[in-house]
Each structure stands twice: as C-alpha cells, then as structure tokens.
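Structure data (mmCIF, C-alpha atoms) from final32.cif:
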data_coords
#
loop_
_atom_site.label_atom_id
_atom_site.label_comp_id
_atom_site.auth_asym_id
_atom_site.auth_seq_id
_atom_site.Cartn_x
_atom_site.Cartn_y
_atom_site.Cartn_z
CA MET L 1 -5.45 -11.66 -24.39
CA ALA L 2 -2.74 -12.40 -21.83
CA ILE L 3 -0.56 -15.39 -22.77
CA LEU L 4 0.89 -17.14 -19.72
CA GLY L 5 3.47 -19.89 -19.53
CA ARG L 6 3.85 -22.58 -16.90
CA ARG L 7 1.89 -22.02 -13.71
CA GLU L 8 4.01 -21.53 -10.60
CA GLU L 9 3.13 -23.37 -7.39
CA PRO L 10 1.92 -22.91 -4.68
CA THR L 11 1.14 -19.35 -5.75
CA ASP L 12 1.46 -17.76 -9.16
CA GLY L 13 2.19 -14.04 -8.94
CA VAL L 14 2.06 -13.52 -12.71
CA GLN L 15 -1.37 -15.07 -13.05
CA ASP L 16 -2.62 -13.05 -10.08
CA TYR L 17 -1.14 -9.93 -11.72
CA CYS L 18 -3.08 -10.66 -14.91
CA CYS L 19 -6.32 -11.24 -13.00
CA TYR L 20 -6.09 -7.91 -11.17
CA LEU L 21 -5.08 -6.19 -14.41
CA ARG L 22 -8.08 -7.75 -16.18
CA ASP L 23 -10.49 -6.36 -13.60
CA ALA L 24 -8.92 -2.89 -13.72
CA LEU L 25 -8.81 -2.78 -17.53
CA ALA L 26 -12.55 -3.44 -17.64
CA ASN L 27 -13.00 0.05 -16.16
CA GLU L 28 -10.95 1.41 -19.07
CA GLY L 29 -13.18 -0.27 -21.63
CA VAL L 30 -10.60 -2.97 -22.39
CA ASN L 31 -11.58 -6.65 -22.25
CA LEU L 32 -8.68 -8.86 -21.16
CA THR L 33 -8.87 -12.65 -21.22
CA LEU L 34 -6.22 -15.10 -20.00
CA THR L 35 -4.91 -18.25 -21.62
CA GLN L 36 -2.26 -20.66 -20.37
CA VAL L 37 0.28 -22.30 -22.69
CA ARG L 38 0.41 -25.79 -21.16
CA TRP L 39 3.83 -26.80 -22.47
CA ALA L 40 4.85 -28.35 -19.16
CA GLU L 41 1.73 -30.55 -19.05
CA ILE L 42 1.16 -31.62 -22.66
CA GLY L 43 4.48 -30.87 -24.38
CA ARG L 44 5.59 -28.02 -26.61
CA ASP L 45 4.15 -29.25 -29.91
CA ALA L 46 0.71 -29.96 -28.46
CA SER L 47 0.69 -26.65 -26.56
CA ARG L 48 1.55 -24.76 -29.75
CA ARG L 49 -1.37 -26.39 -31.54
CA GLU L 50 -3.63 -25.59 -28.62
CA LEU L 51 -2.52 -21.95 -28.66
CA LEU L 52 -3.13 -21.72 -32.41
CA GLU L 53 -6.70 -22.97 -31.89
CA THR L 54 -7.18 -20.37 -29.16
CA ILE L 55 -6.04 -17.40 -31.26
CA THR L 56 -7.69 -18.44 -34.53
CA GLY L 57 -10.26 -15.89 -35.65
CA LYS L 58 -9.32 -13.25 -33.10
CA LYS L 59 -8.55 -10.54 -35.65
CA ASN L 60 -9.02 -7.56 -33.34
CA THR L 61 -7.16 -9.04 -30.37
CA PHE L 62 -3.90 -7.69 -28.95
CA PHE L 63 -1.78 -10.30 -27.19
CA LEU L 64 0.25 -9.72 -24.01
CA LEU L 65 2.94 -12.39 -23.64
CA GLN L 66 3.94 -12.64 -19.97
CA TYR L 67 7.68 -13.23 -19.66
CA THR L 68 9.59 -14.86 -16.87
CA ALA L 69 12.37 -17.24 -17.79
CA LEU L 70 10.92 -20.10 -15.73
CA SER L 71 7.49 -19.64 -17.30
CA TRP L 72 8.90 -20.94 -20.59
CA SER L 73 11.72 -23.27 -19.51
CA ARG L 74 12.13 -25.50 -16.46
CA ARG L 75 15.79 -24.49 -16.16
CA GLY L 76 15.46 -20.86 -17.14
CA PHE L 77 16.75 -21.15 -20.72
CA ALA L 78 14.15 -18.77 -22.12
CA LEU L 79 14.33 -19.30 -25.90
CA PRO L 80 10.90 -21.04 -26.06
CA ALA L 81 9.33 -17.64 -25.25
CA VAL L 82 10.78 -16.35 -28.54
CA SER L 83 9.29 -19.32 -30.35
CA MET L 84 5.85 -18.58 -28.90
CA LEU L 85 6.04 -14.93 -29.89
CA LYS L 86 7.07 -15.90 -33.43
CA LEU L 87 4.07 -18.24 -33.60
CA LEU L 88 1.77 -15.36 -32.71
CA ARG L 89 3.42 -12.92 -35.12
CA ASN L 90 3.45 -15.42 -38.00
CA ASN L 91 -0.32 -15.68 -37.61
CA GLY L 92 -0.79 -11.93 -37.96
CA ALA L 93 -1.13 -11.15 -34.26
CA ARG L 94 -0.17 -7.85 -32.68
CA CYS L 95 1.82 -8.47 -29.53
CA ALA L 96 3.32 -6.91 -26.46
CA VAL L 97 5.71 -8.62 -24.07
CA VAL L 98 5.43 -7.91 -20.35
CA PHE L 99 8.86 -8.47 -18.78
CA HIS L 100 8.38 -9.58 -15.18
CA ASP L 101 12.02 -10.72 -15.16
CA PRO L 102 13.89 -7.64 -16.42
CA ASP L 103 17.38 -9.18 -16.51
CA GLY L 104 19.24 -12.47 -16.61
CA TYR L 105 19.60 -14.55 -13.46
CA ALA L 106 22.60 -14.01 -11.21
CA GLY L 107 25.40 -16.50 -10.49
CA ASN L 108 29.03 -17.07 -11.41
CA ARG L 109 29.04 -20.75 -12.35
CA THR L 110 29.56 -21.61 -16.01
CA VAL L 111 25.93 -22.69 -16.30
CA ASP L 112 24.82 -19.43 -14.67
CA ARG L 113 26.75 -17.33 -17.16
CA LEU L 114 25.42 -19.40 -20.06
CA ARG L 115 21.85 -19.13 -18.78
CA ARG L 116 22.18 -15.37 -18.32
CA ALA L 117 23.57 -14.91 -21.83
CA ILE L 118 20.72 -16.92 -23.33
CA GLN L 119 18.14 -15.04 -21.27
CA ARG L 120 19.44 -11.66 -22.40
CA TYR L 121 19.60 -12.83 -26.01
CA ALA L 122 16.01 -14.07 -25.75
CA MET L 123 14.81 -10.81 -24.21
CA LYS L 124 16.48 -8.75 -26.94
CA ARG L 125 14.75 -10.90 -29.54
CA LEU L 126 11.42 -10.47 -27.76
CA VAL L 127 11.83 -6.69 -27.73
CA ARG L 128 12.62 -6.63 -31.46
CA LEU L 129 9.71 -8.90 -32.36
CA SER L 130 7.06 -7.16 -30.25
CA ASP L 131 4.95 -4.12 -31.01
CA LEU L 132 5.38 -3.04 -27.40
CA ALA L 133 7.88 -3.99 -24.68
CA ILE L 134 6.44 -3.38 -21.20
CA PHE L 135 8.96 -3.33 -18.36
CA THR L 136 8.40 -3.11 -14.62
CA LEU L 137 11.61 -1.10 -14.13
CA PRO L 138 12.61 2.32 -15.50
CA ARG L 139 14.60 2.30 -18.72
CA ASP L 140 17.90 3.36 -17.12
CA LYS L 141 17.80 0.28 -14.86
CA ILE L 142 17.89 -2.19 -17.76
CA SER L 143 21.53 -2.41 -18.81
CA TRP L 144 21.10 -4.78 -21.75
CA LEU L 145 18.32 -2.83 -23.51
CA PRO L 146 19.56 -1.26 -26.77
CA THR L 147 19.59 2.53 -26.58
CA GLU L 148 17.72 2.83 -29.87
CA THR L 149 14.70 0.87 -28.56
CA GLN L 150 11.54 2.80 -29.43
CA ASN L 151 8.77 0.48 -28.25
CA PHE L 152 9.63 0.67 -24.53
CA VAL L 153 7.02 1.39 -21.84
CA PHE L 154 7.61 1.40 -18.08
CA ILE L 155 4.67 0.31 -15.91
CA PRO L 156 5.36 -0.70 -12.29
CA VAL L 157 3.60 -3.71 -10.80
CA GLY L 158 0.81 -3.41 -8.29
CA ALA L 159 0.07 -5.39 -5.16
CA ASN L 160 -1.80 -8.63 -5.85
CA LEU L 161 -4.41 -7.67 -3.28
CA PRO L 162 -8.09 -6.69 -3.52
CA ALA L 163 -8.67 -3.04 -2.56
CA PRO L 164 -5.61 -2.74 -0.30
CA GLU L 165 -6.66 0.83 0.50
CA ARG L 166 -9.10 -0.72 3.00
CA ALA L 167 -6.08 -1.27 5.24
CA TRP L 168 -5.58 2.49 5.60
CA GLU L 169 -8.46 2.67 8.04
CA ALA L 170 -7.56 -0.52 9.93
CA LYS L 171 -6.79 -0.31 13.62
CA ARG L 172 -3.09 -0.62 14.31
CA SER L 173 -1.52 -1.44 17.62
CA SER L 174 -2.61 0.89 20.41
CA THR L 175 -0.52 2.36 23.21
CA GLY L 176 0.63 -0.36 25.57
CA SER L 177 0.28 -3.24 23.11
CA LYS L 178 3.12 -4.91 21.23
CA PRO L 179 4.23 -3.25 18.00
CA VAL L 180 3.76 -5.52 15.01
CA VAL L 181 6.43 -6.07 12.35
CA ALA L 182 5.09 -7.74 9.19
CA ILE L 183 7.12 -10.07 6.96
CA PHE L 184 5.20 -10.79 3.77
CA SER L 185 6.70 -13.60 1.68
CA LEU L 186 10.15 -15.16 1.87
CA SER L 187 12.42 -16.62 -0.79
CA ASP L 188 13.01 -20.29 -1.54
CA LYS L 189 15.99 -22.19 -0.21
CA PRO L 190 18.92 -21.64 0.01
CA THR L 191 18.25 -17.87 0.11
CA LEU L 192 15.65 -18.43 2.83
CA ALA L 193 18.29 -19.07 5.50
CA LYS L 194 20.04 -15.76 4.78
CA GLU L 195 16.76 -13.84 4.97
CA VAL L 196 15.77 -15.49 8.26
CA ASN L 197 19.17 -14.61 9.73
CA GLN L 198 18.82 -10.98 8.65
CA ILE L 199 15.33 -10.71 10.08
CA ALA L 200 16.32 -12.35 13.35
CA GLN L 201 19.32 -10.09 13.90
CA ALA L 202 17.37 -6.95 13.04
CA VAL L 203 14.38 -7.84 15.22
CA ARG L 204 16.52 -8.95 18.15
CA ASN L 205 18.43 -5.67 18.04
CA ALA L 206 15.20 -3.67 17.78
CA ALA L 207 13.52 -5.52 20.64
CA LYS L 208 16.39 -4.64 22.97
CA GLN L 209 15.49 -0.96 22.57
CA VAL L 210 11.77 -1.06 21.82
CA GLY L 211 10.78 -3.83 24.21
CA ALA L 212 8.42 -6.69 23.49
CA LEU L 213 7.20 -6.84 19.91
CA GLU L 214 5.50 -9.27 17.58
CA VAL L 215 6.68 -10.49 14.18
CA VAL L 216 3.91 -11.76 11.93
CA VAL L 217 5.10 -13.91 9.02
CA LEU L 218 2.73 -14.60 6.13
CA GLY L 219 2.73 -15.58 2.49
CA ARG L 220 5.08 -17.75 0.48
CA ASN L 221 7.57 -19.85 2.50
CA SER L 222 6.32 -18.26 5.71
CA GLU L 223 5.69 -21.58 7.44
CA SER L 224 9.18 -23.01 7.05
CA GLY L 225 10.85 -19.62 7.37
CA GLY L 226 8.67 -18.67 10.32
CA GLU L 227 9.66 -21.78 12.27
CA GLU L 228 13.33 -21.06 11.65
CA LEU L 229 12.78 -17.46 12.72
CA ARG L 230 11.02 -18.57 15.90
CA LEU L 231 14.02 -20.70 16.81
CA ALA L 232 16.44 -17.89 16.00
CA LEU L 233 14.51 -15.45 18.22
CA ALA L 234 14.07 -17.85 21.15
CA GLY L 235 14.90 -16.09 24.40
CA SER L 236 14.43 -12.60 22.92
CA LEU L 237 11.62 -10.13 23.52
CA ALA L 238 10.10 -10.92 20.11
CA ASP L 239 7.21 -13.31 19.56
CA VAL L 240 6.66 -14.87 16.13
CA ARG L 241 3.19 -15.48 14.69
CA ILE L 242 3.12 -17.68 11.58
CA LEU L 243 0.11 -17.42 9.26
CA GLY L 244 1.28 -19.28 6.14
CA LEU L 245 -0.59 -18.89 2.85
CA ILE L 246 -3.78 -16.96 3.55
CA SER L 247 -6.38 -15.31 1.35
CA ALA L 248 -5.63 -11.97 -0.25
CA ASP L 249 -8.43 -10.38 1.80
CA GLU L 250 -6.81 -11.69 4.97
CA VAL L 251 -3.43 -10.34 3.87
CA VAL L 252 -4.97 -6.86 3.66
CA ARG L 253 -6.43 -7.27 7.14
CA VAL L 254 -3.14 -8.47 8.67
CA LEU L 255 -1.01 -5.78 7.03
CA GLY L 256 -3.56 -3.17 8.01
CA ALA L 257 -3.11 -4.16 11.66
CA SER L 258 0.71 -3.98 11.47
CA ASP L 259 2.97 -1.04 12.27
CA VAL L 260 5.79 -1.59 9.78
CA MET L 261 6.87 -4.03 7.09
CA LEU L 262 10.39 -5.43 6.94
CA PHE L 263 11.31 -6.50 3.41
CA PRO L 264 14.27 -8.91 3.48
CA ARG L 265 14.14 -10.23 -0.11
CA GLY L 266 16.98 -8.19 -1.57
CA PRO L 267 16.85 -4.66 -2.98
CA ILE L 268 13.44 -3.06 -3.28
CA SER L 269 12.20 -1.88 -6.68
CA SER L 270 9.06 -1.23 -8.70
CA ARG L 271 8.88 -4.90 -9.74
CA ARG L 272 8.76 -6.35 -6.20
CA GLY L 273 5.06 -7.02 -5.70
CA SER L 274 5.37 -8.33 -2.14
CA ALA L 275 7.10 -5.09 -1.10
CA ILE L 276 4.51 -3.00 -2.92
CA ALA L 277 1.85 -4.86 -0.91
CA GLY L 278 3.15 -3.06 2.18
CA ILE L 279 3.11 0.28 0.37
CA ALA L 280 -0.40 -0.38 -0.94
CA CYS L 281 -1.63 -1.09 2.59
CA GLY L 282 -0.16 2.21 3.79
CA LEU L 283 2.77 0.86 5.80
CA PRO L 284 6.25 2.20 6.39
CA VAL L 285 8.65 -0.27 4.76
CA VAL L 286 12.22 -0.99 5.81
CA ALA L 287 14.13 -2.36 2.83
CA GLU L 288 17.52 -2.74 1.19
CA GLU L 289 18.63 -0.22 -1.41
CA GLY L 290 20.14 -1.60 -4.61
CA SER L 291 20.82 -0.99 -8.29
CA GLU L 292 17.10 -1.30 -9.21
CA THR L 293 15.92 1.11 -6.51
CA ALA L 294 14.59 4.23 -8.24
CA PRO L 295 11.48 6.41 -8.53
CA PRO L 296 8.61 5.93 -8.16
CA ILE L 297 9.31 3.33 -5.46
CA THR L 298 11.52 5.81 -3.60
CA GLU L 299 8.57 8.20 -3.27
CA ALA L 300 6.81 5.74 -0.96
CA GLY L 301 7.37 5.58 2.79
CA ILE L 302 10.50 3.47 2.61
CA VAL L 303 13.50 3.54 4.92
CA LEU L 304 16.34 2.52 2.61
CA VAL L 305 19.35 0.67 4.00
CA PRO L 306 22.51 0.15 1.89
CA GLU L 307 23.35 -3.49 1.24
CA GLU L 308 26.56 -3.39 3.26
CA LEU L 309 24.67 -2.17 6.34
CA VAL L 310 22.06 -4.94 6.34
CA PRO L 311 20.95 -6.30 8.82
CA GLU L 312 22.45 -3.99 11.48
CA GLU L 313 20.72 -0.89 10.11
CA PHE L 314 17.49 -2.84 9.59
CA GLY L 315 17.27 -3.01 13.37
CA ALA L 316 18.06 0.70 13.81
CA ALA L 317 15.43 1.60 11.20
CA LEU L 318 12.83 -0.53 12.97
CA VAL L 319 13.62 1.21 16.24
CA ARG L 320 13.09 4.67 14.77
CA VAL L 321 9.88 3.73 12.99
CA LEU L 322 8.41 2.04 16.06
CA THR L 323 9.41 4.71 18.59
CA ASP L 324 8.80 7.91 16.62
CA GLN L 325 5.06 8.17 16.05
CA ALA L 326 5.27 11.30 13.87
CA TYR L 327 7.95 9.74 11.68
CA ARG L 328 5.92 6.56 11.34
CA ALA L 329 2.83 8.55 10.38
CA SER L 330 4.73 10.53 7.74
CA LEU L 331 6.09 7.36 6.17
CA ALA L 332 2.63 5.80 6.15
CA GLN L 333 1.22 8.87 4.40
CA ARG L 334 3.95 8.70 1.77
CA SER L 335 3.07 5.06 1.10
CA ARG L 336 -0.61 5.91 0.71
CA ASP L 337 0.24 8.75 -1.66
CA ALA L 338 2.53 6.51 -3.75
CA GLN L 339 -0.17 3.84 -3.94
CA SER L 340 -2.68 6.38 -5.24
CA ARG L 341 -0.30 7.95 -7.75
CA TYR L 342 1.64 4.95 -9.08
CA PHE L 343 0.78 1.48 -7.80
CA SER L 344 -3.01 1.22 -7.75
CA TRP L 345 -4.48 -1.11 -10.35
CA GLY L 346 -6.54 1.77 -11.69
CA MET L 347 -3.38 3.76 -12.48
CA ILE L 348 -1.65 0.70 -13.92
CA ALA L 349 -4.62 -0.14 -16.15
CA ARG L 350 -4.77 3.47 -17.36
CA GLN L 351 -1.14 3.27 -18.48
CA TYR L 352 -1.80 -0.02 -20.27
CA ALA L 353 -4.84 1.39 -22.04
CA GLN L 354 -2.96 4.51 -23.15
CA ALA L 355 0.00 2.47 -24.45
CA LEU L 356 -2.20 0.01 -26.35
CA ARG L 357 -4.40 2.70 -27.90
CA ALA L 358 -1.31 4.58 -29.07
CA LEU L 359 -0.45 1.64 -31.34
CA GLU L 360 -2.57 2.47 -34.35
CA ALA L 361 -0.15 1.39 -37.07
CA PRO L 362 -0.81 -1.97 -38.79
CA SER L 363 1.02 -4.97 -37.40
CA ARG L 364 4.52 -5.69 -38.67
CA LYS L 365 5.09 -8.76 -40.81
#
Let's see the structure in the file written out as structure tokens.
Amino acid sequence: MAILGRREEPTDGVQDYCCYLRDALANEGVNLTLTQVRWAEIGRDASRRELLETITGKKNTFFLLQYTALSWSRRGFALPAVSMLKLLRNNGARCAVVFHDPDGYAGNRTVDRLRRAIQRYAMKRLVRLSDLAIFTLPRDKISWLPTETQNFVFIPVGANLPAPERAWEAKRSSTGSKPVVAIFSLSDKPTLAKEVNQIAQAVRNAAKQVGALEVVVLGRNSESGGEELRLALAGSLADVRILGLISADEVVRVLGASDVMLFPRGPISSRRGSAIAGIACGLPVVAEEGSETAPPITEAGIVLVPEELVPEEFGAALVRVLTDQAYRASLAQRSRDAQSRYFSWGMIARQYAQALRALEAPSRK
C-alpha cells in the first residue's frame, strides 16, 4: 500500500508516479493500492485515526510512505512524516519510505536554514525507522545519508506517461518545415521568470542560425510561462505554441512530434520526471549539468551544459542538435536505449519487486 500525503494541485506528480507504479507492479505479481492521508483536509488527529482504520487487519501488507516535505507540512517542516511512519511501525507494519525529495530545500535565510536542518533530521529518522529507504538518486549524491546505512535502494523515477515508447514512431518535422523545440513543465514563481529568460535567450540565439523554429510549451505553468516567453521572443524567428495542461496521451503525441527538448528547470538528474519524459519519448534533451547529474541519466541522449554557461550554450546546443541530423539521431537512439534499460515502468517495477522480496526478515519492533 502506498501512503500519500497532501495532494498537490493542479497536478500531483507523486500520485501519478504511484498509479503508474501500481500498473507496472501488477505484471510482477505485486498488488499495490493507494491511500491518501488527508491531514490538510480533516486535521492531523482525524487523519491518523482514518489511516489506522485503513491499515487495520492488513497483516501481509507492506507500506510505501511517499516522502516530499510539502506532502506532510504546508511550510516544508517535515516532522509529521516521521510521526506517520511511527504510527505504522507501532501497529506492526513493515514499511519503506520513497524519498522523492532527496535533500533539504535550498535558501540562505534563517528560516531556510532551519527548514533544511529539520528536513534532514526528519529524513535521517525516516531512514532509521524504515525497513527500506528508496531513493531516486544514487547513494553518492546524497550527502547527508550516513555511510553505515544498509537499507538503501536506488530506483530512478519514470515518466508519468502511458506507453511513451509510442512516440518513437511518431512523425517529426520533415525537411522544409520548422524544427520544434519542446518545453515540458515550468517552475512556479519566482523561478519561472528566470527559466523564461533562459529559454528566450537560448531560442533567440538558435533561431538566428537555424532560421524559423517553433517552441511548444506544455504542462505545469506553461500558460503563464508561455505568454511571458511569447513576449520575450516577439520580433524573433521563433513562434511559441502554448498547450497548457493536456492529457498524458496528448503529451506523448506532442513530444513525439518534436525534434528536441529543452529542460530549463535546473540540473538534470534521475529524479526529474519532466526531463525523463523527453528521454522516454526518444528525444535529444538539452539540460544543465549539476551536482545530482550522474548515471544512468547521463547515458541518455542529453547535451549537458555547465551551470555557468547557461543560457548561452543552451542556444549553441540547440543549433547543433537541429542542424546535424546524424547527431540528433544518435542522441535520440541513446534516449530510447536509456528508457528501455533504466526508466521504463517495467524496469522500475522489477527493481521494486526484487527489493521488497529480499526483505524476508520479520519486522523490527
């Protein structure tokens, strides 16, 4: 049973993750159900009682607590997640924690430092209390994790898309038509403005060398960000098409008809589902390299740009991908290979099933 905290609006990536994982685990002979802890709607005491009623009698059930700091606290002070895990353990449950947020939040204000310290403390407690700690980053990318930790498992996230491999056979832009640059999902404000500026500068620079091209913006914050991008690119050779929040099937179709994805949301890594969507659909991806960037994400068709060279080198990377057909094809093949080997839901579910079945010892008290 997957235990989820507060639902995120307008889209909830963690819930979508659990739904795709549930479907894939069924092929491994594992039945996964989902339950929401409604602390934000009915209060913490009532939600604890509701959770107790849900888990009562489920003697052969393994619980997967889904961790993001904001899932368990409106302000990111994540200690309530520890309380929920203790509730499960005190009732004899066997538990894993899936860490979708692998580190404390950034920031240099006093409240930021306090929040980060509490988040790391909470995560250490969760690791110690759990039978299994599942991370979406490799072990050497998690600085706070104690070296003696034995219950660690690394499983990258997949794209929250249905059968993205369908995009591999989609028709991309033909000779003489505008190349298409896809932007899938943008951050909330105030980070949104920085991302729009980076995209605009990169695309404007690329259009000067490539000629007319189209930027298609879809997913979270694409409507507000797309309008700002359209204004920023006014007078250039780039047109902007804004799709907003569309169905997952439509996302696959749109990405399948694109030539390259530009990922502006900070460094790429194996926990960035919106970036992995481009990989899953067989696209070359232009992205920033950072401290979390490591295999297997680097085995995909990604053009990595150091942080200090963004957005200037974003534009240069777009030019090469869009003008060198053989290079573009080789990157696309690498993305397809990485999807098959690492990021498909079938591979992810297999790793989950192996990790869970390896836990044959009785639950700790």
request  = Taking the file above as input, evaluate the PyMOL selection byres ((chain L and resi 111-128) around 9) and report the hits as a count of residues only.
outcome  = 35
I'd like the contact shell of segment 263-276 of chain L - 7 Å cut-off, all atoms listed in the file, skipping same-chain residues fewer than 5 positions apart - returned as a PyMOL selection string. chain L and resi 136-137+156-159+183-187+195+199+285-290+292-294+297
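If all atoms listed in the file are the atoms counted, then among L:Ser236, L:Val215, L:Ile3, L:Phe154 the closest residue to Ile142 of chain L is L:Phe154.
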*asked:* Could you tell me, as an MDAnalysis selection string, exactly which residues end up selected when the PyMOL selection byres ((chain L and resi 240) around 8) is applied to this structure?
replied: chainID L and resid 214:217 226 229:230 238:239 241:242
Requested in this report: Check what the PyMOL selection byres ((chain L and resi 160) around 12) selects in the file above and give those residues as a VMD selection string.
Outcome: chain L and resid 11 to 21 23 157 to 159 161 to 164 219 247 to 249 251 to 252 271 to 281 343 to 345
Write out, as a PDB file, in the frame of the given file, the residues just selected, with C-alpha atoms.
ATOM      1  CA  THR L  11       1.140 -19.350  -5.750  1.00  0.00           C
ATOM      2  CA  ASP L  12       1.460 -17.760  -9.160  1.00  0.00           C
ATOM      3  CA  GLY L  13       2.190 -14.040  -8.940  1.00  0.00           C
ATOM      4  CA  VAL L  14       2.060 -13.520 -12.710  1.00  0.00           C
ATOM      5  CA  GLN L  15      -1.370 -15.070 -13.050  1.00  0.00           C
ATOM      6  CA  ASP L  16      -2.620 -13.050 -10.080  1.00  0.00           C
ATOM      7  CA  TYR L  17      -1.140  -9.930 -11.720  1.00  0.00           C
ATOM      8  CA  CYS L  18      -3.080 -10.660 -14.910  1.00  0.00           C
ATOM      9  CA  CYS L  19      -6.320 -11.240 -13.000  1.00  0.00           C
ATOM     10  CA  TYR L  20      -6.090  -7.910 -11.170  1.00  0.00           C
ATOM     11  CA  LEU L  21      -5.080  -6.190 -14.410  1.00  0.00           C
ATOM     12  CA  ASP L  23     -10.490  -6.360 -13.600  1.00  0.00           C
ATOM     13  CA  VAL L 157       3.600  -3.710 -10.800  1.00  0.00           C
ATOM     14  CA  GLY L 158       0.810  -3.410  -8.290  1.00  0.00           C
ATOM     15  CA  ALA L 159       0.070  -5.390  -5.160  1.00  0.00           C
ATOM     16  CA  LEU L 161      -4.410  -7.670  -3.280  1.00  0.00           C
ATOM     17  CA  PRO L 162      -8.090  -6.690  -3.520  1.00  0.00           C
ATOM     18  CA  ALA L 163      -8.670  -3.040  -2.560  1.00  0.00           C
ATOM     19  CA  PRO L 164      -5.610  -2.740  -0.300  1.00  0.00           C
ATOM     20  CA  GLY L 219       2.730 -15.580   2.490  1.00  0.00           C
ATOM     21  CA  SER L 247      -6.380 -15.310   1.350  1.00  0.00           C
ATOM     22  CA  ALA L 248      -5.630 -11.970  -0.250  1.00  0.00           C
ATOM     23  CA  ASP L 249      -8.430 -10.380   1.800  1.00  0.00           C
ATOM     24  CA  VAL L 251      -3.430 -10.340   3.870  1.00  0.00           C
ATOM     25  CA  VAL L 252      -4.970  -6.860   3.660  1.00  0.00           C
ATOM     26  CA  ARG L 271       8.880  -4.900  -9.740  1.00  0.00           C
ATOM     27  CA  ARG L 272       8.760  -6.350  -6.200  1.00  0.00           C
ATOM     28  CA  GLY L 273       5.060  -7.020  -5.700  1.00  0.00           C
ATOM     29  CA  SER L 274       5.370  -8.330  -2.140  1.00  0.00           C
ATOM     30  CA  ALA L 275       7.100  -5.090  -1.100  1.00  0.00           C
ATOM     31  CA  ILE L 276       4.510  -3.000  -2.920  1.00  0.00           C
ATOM     32  CA  ALA L 277       1.850  -4.860  -0.910  1.00  0.00           C
ATOM     33  CA  GLY L 278       3.150  -3.060   2.180  1.00  0.00           C
ATOM     34  CA  ILE L 279       3.110   0.280   0.370  1.00  0.00           C
ATOM     35  CA  ALA L 280      -0.400  -0.380  -0.940  1.00  0.00           C
ATOM     36  CA  CYS L 281      -1.630  -1.090   2.590  1.00  0.00           C
ATOM     37  CA  PHE L 343       0.780   1.480  -7.800  1.00  0.00           C
ATOM     38  CA  SER L 344      -3.010   1.220  -7.750  1.00  0.00           C
ATOM     39  CA  TRP L 345      -4.480  -1.110 -10.350  1.00  0.00           C
TER      40      TRP L 345
END
- request: Find the spatial neighbours of Tyr352 of chain L, counting all atoms listed in the file, within a cut-off of 9 Å - ignore same-chain residues fewer than 3 positions away - and output them as a ChimeraX atom specification.
  value: /L:25,134,155,347-349,355-357
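Our summary of the geometry notes that atom CA of Leu231 of chain L is positioned 14.3 Å from atom CA of Leu192 of chain L.
Here atom CA of Leu237 of chain L stands at a distance of 25.2 Å from atom CA of Ala332 of chain L.
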Contacts of segment 55-79 of chain L with segment 36-47 of chain L up to 9 Å, shortest pair per row, only C-alpha atoms, as a Markdown table:
| residue | atom | partner | partner_atom | distance |
| --- | --- | --- | --- | --- |
| L:Trp72 | CA | L:Trp39 | CA | 8.0 |
| L:Ser73 | CA | L:Ala40 | CA | 8.6 |
| L:Arg74 | CA | L:Ala40 | CA | 8.3 |
Practice prompt. Name the residues, using the chain letters and numbers of the file, that sit within 12 Å of (12.4, -1.7, 26.6) when counting all atoms listed in the file, and give them as number ranges by chain.
Written response: L: 176, 178-179, 204-213, 236-238, 319, 322-323
For Arg328 of chain L, list every protein, DNA or RNA residue within 9 Å, evaluated using all atoms listed in the file, and leave out those in the same chain fewer than 5 positions away; present the list as a ChimeraX atom specification. /L:259-260,283-284,301,320-323,333
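In this model, the gap between atom CA of Glu312 of chain L and atom CA of Ala202 of chain L comes to 6.1 Å.
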Contacts of Gly282 of chain L at 9 Å (all atoms listed in the file; same-chain gap of 6+ positions) as a PyMOL selection string: chain L and resi 164-165+167-168+255-256+301+331-337+339
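When only C-alpha atoms are used to compute distances to Ser143 of chain L, the closest of the residues L:Arg6, L:Gly346, L:Ser291, L:Ala232 turns out to be L:Ser291.
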Generate all heavy atoms for segment 82-86 of chain L and emit them as a PDB file, in the frame of the given file.
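Generated file (result_20.pdb):
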ATOM      1  N   VAL L  82      10.610 -16.942 -27.210  1.00  0.00           N
ATOM      2  CA  VAL L  82      10.780 -16.350 -28.540  1.00  0.00           C
ATOM      3  C   VAL L  82       9.985 -17.153 -29.561  1.00  0.00           C
ATOM      4  O   VAL L  82       9.313 -16.594 -30.443  1.00  0.00           O
ATOM      5  CB  VAL L  82      12.267 -16.303 -28.924  1.00  0.00           C
ATOM      6  CG1 VAL L  82      12.442 -15.724 -30.323  1.00  0.00           C
ATOM      7  CG2 VAL L  82      13.052 -15.486 -27.903  1.00  0.00           C
ATOM      8  N   SER L  83      10.030 -18.462 -29.435  1.00  0.00           N
ATOM      9  CA  SER L  83       9.290 -19.320 -30.350  1.00  0.00           C
ATOM     10  C   SER L  83       7.791 -19.054 -30.270  1.00  0.00           C
ATOM     11  O   SER L  83       7.103 -18.997 -31.304  1.00  0.00           O
ATOM     12  CB  SER L  83       9.574 -20.797 -30.016  1.00  0.00           C
ATOM     13  OG  SER L  83       8.795 -21.660 -30.801  1.00  0.00           O
ATOM     14  N   MET L  84       7.282 -18.863 -29.061  1.00  0.00           N
ATOM     15  CA  MET L  84       5.850 -18.580 -28.900  1.00  0.00           C
ATOM     16  C   MET L  84       5.478 -17.233 -29.502  1.00  0.00           C
ATOM     17  O   MET L  84       4.428 -17.085 -30.130  1.00  0.00           O
ATOM     18  CB  MET L  84       5.470 -18.629 -27.413  1.00  0.00           C
ATOM     19  CG  MET L  84       5.406 -20.021 -26.836  1.00  0.00           C
ATOM     20  SD  MET L  84       4.123 -21.028 -27.641  1.00  0.00           S
ATOM     21  CE  MET L  84       4.475 -22.642 -26.916  1.00  0.00           C
ATOM     22  N   LEU L  85       6.330 -16.246 -29.320  1.00  0.00           N
ATOM     23  CA  LEU L  85       6.040 -14.930 -29.890  1.00  0.00           C
ATOM     24  C   LEU L  85       6.068 -14.995 -31.416  1.00  0.00           C
ATOM     25  O   LEU L  85       5.223 -14.388 -32.088  1.00  0.00           O
ATOM     26  CB  LEU L  85       7.034 -13.894 -29.381  1.00  0.00           C
ATOM     27  CG  LEU L  85       6.744 -12.445 -29.789  1.00  0.00           C
ATOM     28  CD1 LEU L  85       5.366 -12.000 -29.311  1.00  0.00           C
ATOM     29  CD2 LEU L  85       7.818 -11.507 -29.268  1.00  0.00           C
ATOM     30  N   LYS L  86       7.025 -15.731 -31.972  1.00  0.00           N
ATOM     31  CA  LYS L  86       7.070 -15.900 -33.430  1.00  0.00           C
ATOM     32  C   LYS L  86       5.800 -16.571 -33.940  1.00  0.00           C
ATOM     33  O   LYS L  86       5.275 -16.206 -35.004  1.00  0.00           O
ATOM     34  CB  LYS L  86       8.289 -16.728 -33.826  1.00  0.00           C
ATOM     35  CG  LYS L  86       9.609 -15.976 -33.767  1.00  0.00           C
ATOM     36  CD  LYS L  86      10.734 -16.880 -34.242  1.00  0.00           C
ATOM     37  CE  LYS L  86      12.058 -16.141 -34.302  1.00  0.00           C
ATOM     38  NZ  LYS L  86      13.156 -17.042 -34.750  1.00  0.00           N
TER      39      LYS L  86
END
